[in-house]
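Worksheet: the structure to be examined is printed underneath.
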Amino acid sequence: MDPAALSFSLATERDVPAIVVLRTAVADRLTLEHGRGHWSTAVTENGVRQAVATSRVLLARLEGAIVGTLRLATKKPWAIDVSYFTPARRPLYLIDMAVTPELQRRGIGWRLLAHALEVAAAWPADAVRLDAYDAPAGAGGFYARCGWRERGRVTYRDVPLIYFERVLTGPPAG
């Protein structure tokens, strides 16, 4: 795969079915490799449609096909405890990242994250936060290798998580 062949765009309503297929394939692969867990949650068209309508769903495309996705949202996910993070006036939350299983470990995720940080800086946001499963099926090592700062490890509703953050600007003025 030629990394230069990747393109990035915002998802639209007509991308919803392909996003569902991609995220379902990733959930199925994780379930096959690691057994049932929170990563096994079913993805629905209604859920993805709602995400496209209320946040920015970014896509990585290769020869027109969607091969990666993530969502940037202003609304804090249920599992995030903001006390672990750098104070920020305009934080965004990175959610639902997925790369086609057959194309993982080829730089797509890293490039999609880099694009997400560009989008966040232009939003404008001053920090991007996320949680990753602290389990073999989790992506904590991936985010650390991509330069995200670990902010804490918590268990929320019996789910072990690692919090990560990228600060895009200096601390807010007092």
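Note on naming: chains are A, B, ... as they come in the structure tokens, residues start from 1 per chain, ligands start from 1 in the order shown.
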Worksheet item: DSSP on the backbone: what in segment 56-164 of chain A comes out helix (DSSP H, G or I), as a PyMOL selection string?
Response: chain A and resi 82-84+101-103+108-122+140-145
Residues near Arg166 of chain A, anyone? I mean within 9 Å using only C-alpha atoms, not counting same-chain ones fewer than 4 positions away, as a tab-separated table (two decimals) with N, CA and C atoms, in the first residue's frame.
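The resulting file, around-v2.tsv, is reproduced below:
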chain	number	residue	atom	x	y	z
A	117	LEU	N	-5.70	15.50	14.21
A	117	LEU	CA	-5.12	16.60	14.97
A	117	LEU	C	-5.13	17.89	14.16
A	126	ASP	N	-8.32	22.96	21.76
A	126	ASP	CA	-7.02	23.10	22.40
A	126	ASP	C	-6.49	21.79	22.96
A	127	ALA	N	-7.29	20.73	22.90
A	127	ALA	CA	-6.83	19.41	23.33
A	127	ALA	C	-7.73	18.34	22.71
A	128	VAL	N	-7.15	17.18	22.51
A	128	VAL	CA	-7.93	16.02	22.06
A	128	VAL	C	-7.71	14.92	23.09
A	129	ARG	N	-8.79	14.32	23.54
A	129	ARG	CA	-8.75	13.30	24.60
A	129	ARG	C	-9.39	12.02	24.07
A	147	GLY	N	2.58	9.07	19.98
A	147	GLY	CA	2.93	10.29	20.69
A	147	GLY	C	1.86	10.87	21.60
A	148	TRP	N	0.83	10.11	21.85
A	148	TRP	CA	-0.21	10.58	22.77
A	148	TRP	C	0.28	10.37	24.19
A	149	ARG	N	-0.06	11.30	25.08
A	149	ARG	CA	0.38	11.25	26.47
A	149	ARG	C	-0.64	10.50	27.32
Worksheet entry | Residue set, segment 3-173 of chain A restricted to strand (DSSP E or B), as a ChimeraX atom specification | /A:6-10,56-62,65-73,91-99,127-133,149-156,159-167
Go ahead and dump the residues you just picked, C-alpha atoms, as a CSV table (one decimal), in the first residue's frame.
chain,number,residue,atom,x,y,z
A,6,LEU,CA,-4.5,7.7,1.1
A,7,SER,CA,-7.0,10.6,1.1
A,8,PHE,CA,-9.0,12.0,3.9
A,9,SER,CA,-12.5,13.5,4.1
A,10,LEU,CA,-15.5,14.1,6.3
A,56,ARG,CA,-17.1,15.1,12.7
A,57,VAL,CA,-16.5,11.6,11.4
A,58,LEU,CA,-13.2,11.5,9.5
A,59,LEU,CA,-12.5,8.9,6.8
A,60,ALA,CA,-9.3,7.5,5.3
A,61,ARG,CA,-9.8,6.3,1.8
A,62,LEU,CA,-7.7,4.1,-0.4
A,65,ALA,CA,-12.8,2.7,-0.4
A,66,ILE,CA,-13.1,3.6,3.2
A,67,VAL,CA,-10.2,1.9,5.1
A,68,GLY,CA,-10.2,3.9,8.3
A,69,THR,CA,-12.5,6.1,10.4
A,70,LEU,CA,-12.7,8.0,13.7
A,71,ARG,CA,-15.0,10.5,15.2
A,72,LEU,CA,-14.2,13.9,16.8
A,73,ALA,CA,-16.9,15.1,19.2
A,91,PRO,CA,-11.5,19.9,24.3
A,92,LEU,CA,-12.5,17.4,21.7
A,93,TYR,CA,-13.0,13.6,22.2
A,94,LEU,CA,-11.7,11.1,19.8
A,95,ILE,CA,-14.1,8.1,19.5
A,96,ASP,CA,-14.7,5.0,17.4
A,97,MET,CA,-11.4,4.7,15.6
A,98,ALA,CA,-11.2,1.7,13.3
A,99,VAL,CA,-8.9,0.6,10.5
A,127,ALA,CA,-6.8,19.4,23.3
A,128,VAL,CA,-7.9,16.0,22.1
A,129,ARG,CA,-8.7,13.3,24.6
A,130,LEU,CA,-9.6,9.6,24.3
A,131,ASP,CA,-9.9,6.4,26.3
A,132,ALA,CA,-8.6,3.0,25.1
A,133,TYR,CA,-9.4,-0.4,26.6
A,149,ARG,CA,0.4,11.2,26.5
A,150,GLU,CA,-1.0,8.8,29.0
A,151,ARG,CA,-3.0,10.7,31.6
A,152,GLY,CA,-4.3,7.8,33.8
A,153,ARG,CA,-5.7,4.3,34.1
A,154,VAL,CA,-9.1,3.9,35.5
A,155,THR,CA,-11.8,1.3,35.8
A,156,TYR,CA,-15.2,2.6,34.8
A,159,VAL,CA,-14.1,-1.6,32.1
A,160,PRO,CA,-10.3,-1.0,32.5
A,161,LEU,CA,-9.4,2.1,30.5
A,162,ILE,CA,-6.3,4.2,29.7
A,163,TYR,CA,-6.8,7.9,29.2
A,164,PHE,CA,-4.7,9.6,26.5
A,165,GLU,CA,-4.4,13.3,25.5
A,166,ARG,CA,-2.8,15.5,22.9
A,167,VAL,CA,-2.6,19.2,24.0
Fill in: Close residues, Ala18 of chain A itself excluded, 12 Å, only C-alpha atoms, min 2 positions apart in chain, as an MDAnalysis selection string
chainID A and resid 11:16 20:25 43:45 48:49 59:61 64:69 100
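If you count only C-alpha atoms and ignore residues fewer than 5 places along the chain from Ala27 of chain A, what sits within 10 Å of it is A:Val21, A:Leu22, A:Leu32, A:Glu33, A:Arg36, A:Gly37, A:His38, A:Trp39, A:Ser40, A:Thr41, A:Ala42, A:Val43, A:Ala98, A:Pro101, A:Ala137.
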Pull N, CA and C atoms from the residues just selected and write them as an mmCIF file, in the first residue's frame.
data_model
loop_
_atom_site.group_PDB
_atom_site.id
_atom_site.type_symbol
_atom_site.label_atom_id
_atom_site.label_comp_id
_atom_site.auth_asym_id
_atom_site.auth_seq_id
_atom_site.Cartn_x
_atom_site.Cartn_y
_atom_site.Cartn_z
ATOM 1 N N VAL A 21 -19.954 -1.323 8.056
ATOM 2 C CA VAL A 21 -19.246 -2.535 7.632
ATOM 3 C C VAL A 21 -17.823 -2.548 8.193
ATOM 4 N N LEU A 22 -17.123 -1.423 8.091
ATOM 5 C CA LEU A 22 -15.747 -1.343 8.595
ATOM 6 C C LEU A 22 -15.692 -1.562 10.100
ATOM 7 N N LEU A 32 -12.924 -12.292 17.703
ATOM 8 C CA LEU A 32 -12.308 -13.556 17.300
ATOM 9 C C LEU A 32 -10.960 -13.754 17.990
ATOM 10 N N GLU A 33 -10.164 -12.699 18.047
ATOM 11 C CA GLU A 33 -8.816 -12.796 18.616
ATOM 12 C C GLU A 33 -8.784 -12.763 20.142
ATOM 13 N N ARG A 36 -15.221 -12.271 23.644
ATOM 14 C CA ARG A 36 -16.223 -11.213 23.788
ATOM 15 C C ARG A 36 -15.773 -10.200 24.828
ATOM 16 N N GLY A 37 -16.072 -8.956 24.549
ATOM 17 C CA GLY A 37 -15.741 -7.857 25.456
ATOM 18 C C GLY A 37 -16.474 -6.615 25.007
ATOM 19 N N HIS A 38 -16.144 -5.495 25.613
ATOM 20 C CA HIS A 38 -16.802 -4.245 25.245
ATOM 21 C C HIS A 38 -16.536 -3.872 23.793
ATOM 22 N N TRP A 39 -15.458 -4.372 23.229
ATOM 23 C CA TRP A 39 -15.134 -4.141 21.817
ATOM 24 C C TRP A 39 -16.068 -4.894 20.874
ATOM 25 N N SER A 40 -16.882 -5.796 21.412
ATOM 26 C CA SER A 40 -17.783 -6.619 20.597
ATOM 27 C C SER A 40 -19.125 -5.946 20.341
ATOM 28 N N THR A 41 -19.318 -4.747 20.828
ATOM 29 C CA THR A 41 -20.593 -4.050 20.705
ATOM 30 C C THR A 41 -21.010 -3.905 19.244
ATOM 31 N N ALA A 42 -22.266 -4.173 18.977
ATOM 32 C CA ALA A 42 -22.788 -4.071 17.615
ATOM 33 C C ALA A 42 -22.833 -2.616 17.167
ATOM 34 N N VAL A 43 -22.475 -2.398 15.922
ATOM 35 C CA VAL A 43 -22.525 -1.081 15.300
ATOM 36 C C VAL A 43 -23.808 -1.023 14.471
ATOM 37 N N ALA A 98 -11.235 3.094 13.887
ATOM 38 C CA ALA A 98 -11.164 1.746 13.324
ATOM 39 C C ALA A 98 -10.419 1.801 11.997
ATOM 40 N N PRO A 101 -9.233 -4.395 9.187
ATOM 41 C CA PRO A 101 -8.306 -5.368 9.782
ATOM 42 C C PRO A 101 -7.165 -5.799 8.856
ATOM 43 N N ALA A 137 -7.104 -6.470 23.834
ATOM 44 C CA ALA A 137 -7.809 -5.968 22.652
ATOM 45 C C ALA A 137 -7.722 -4.451 22.538
#
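Taking atom CA of Trp78 of chain A and atom CA of Ala121 of chain A as endpoints, the distance between them is 23.6 Å.
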Worksheet item: Could you work out how far atom CA of Ala122 of chain A lies from atom CA of Ile80 of chain A, giving the answer in Å with one decimal?
Response: 23.3 Å
Using only C-alpha atoms, what table do you get, as JSON lines, when you list each residue of segment 139-160 of chain A with an atom no more than 12 Å from segment 105-111 of chain A, its nearest pair of atoms, and their distance in Å rounded to one decimal, rows by chain then rising number?
{"residue": "A:Ala139", "atom": "CA", "partner": "A:Gly109", "partner_atom": "CA", "distance": 10.8}
{"residue": "A:Phe142", "atom": "CA", "partner": "A:Trp110", "partner_atom": "CA", "distance": 8.5}
{"residue": "A:Tyr143", "atom": "CA", "partner": "A:Trp110", "partner_atom": "CA", "distance": 8.7}
{"residue": "A:Ala144", "atom": "CA", "partner": "A:Trp110", "partner_atom": "CA", "distance": 11.0}
{"residue": "A:Arg145", "atom": "CA", "partner": "A:Trp110", "partner_atom": "CA", "distance": 9.1}
{"residue": "A:Cys146", "atom": "CA", "partner": "A:Trp110", "partner_atom": "CA", "distance": 6.5}
{"residue": "A:Gly147", "atom": "CA", "partner": "A:Trp110", "partner_atom": "CA", "distance": 9.9}
{"residue": "A:Trp148", "atom": "CA", "partner": "A:Trp110", "partner_atom": "CA", "distance": 11.1}
Could you take the residues named above and write them with N, CA and C atoms, as a PDB file, in the first residue's frame?
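Output (again-v8.pdb):
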ATOM      1  N   ALA A 139      -6.032  -0.491  22.383  1.00  0.00           N
ATOM      2  CA  ALA A 139      -5.072   0.165  21.489  1.00  0.00           C
ATOM      3  C   ALA A 139      -4.127   1.098  22.235  1.00  0.00           C
ATOM      4  N   PHE A 142      -0.677   1.493  20.735  1.00  0.00           N
ATOM      5  CA  PHE A 142      -0.730   2.233  19.480  1.00  0.00           C
ATOM      6  C   PHE A 142      -0.728   3.737  19.752  1.00  0.00           C
ATOM      7  N   TYR A 143      -1.601   4.206  20.655  1.00  0.00           N
ATOM      8  CA  TYR A 143      -1.667   5.640  20.929  1.00  0.00           C
ATOM      9  C   TYR A 143      -0.355   6.136  21.532  1.00  0.00           C
ATOM     10  N   ALA A 144       0.246   5.362  22.405  1.00  0.00           N
ATOM     11  CA  ALA A 144       1.541   5.759  22.989  1.00  0.00           C
ATOM     12  C   ALA A 144       2.601   5.885  21.893  1.00  0.00           C
ATOM     13  N   ARG A 145       2.668   4.921  20.975  1.00  0.00           N
ATOM     14  CA  ARG A 145       3.650   4.984  19.871  1.00  0.00           C
ATOM     15  C   ARG A 145       3.398   6.177  18.950  1.00  0.00           C
ATOM     16  N   CYS A 146       2.149   6.638  18.897  1.00  0.00           N
ATOM     17  CA  CYS A 146       1.797   7.790  18.058  1.00  0.00           C
ATOM     18  C   CYS A 146       2.028   9.123  18.773  1.00  0.00           C
ATOM     19  N   GLY A 147       2.577   9.073  19.981  1.00  0.00           N
ATOM     20  CA  GLY A 147       2.925  10.292  20.690  1.00  0.00           C
ATOM     21  C   GLY A 147       1.858  10.870  21.597  1.00  0.00           C
ATOM     22  N   TRP A 148       0.825  10.107  21.853  1.00  0.00           N
ATOM     23  CA  TRP A 148      -0.214  10.577  22.770  1.00  0.00           C
ATOM     24  C   TRP A 148       0.277  10.374  24.195  1.00  0.00           C
TER      25      TRP A 148
END
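What separates atom CA of Asp134 of chain A from atom CA of Pro87 of chain A is a distance of 23.6 Å.
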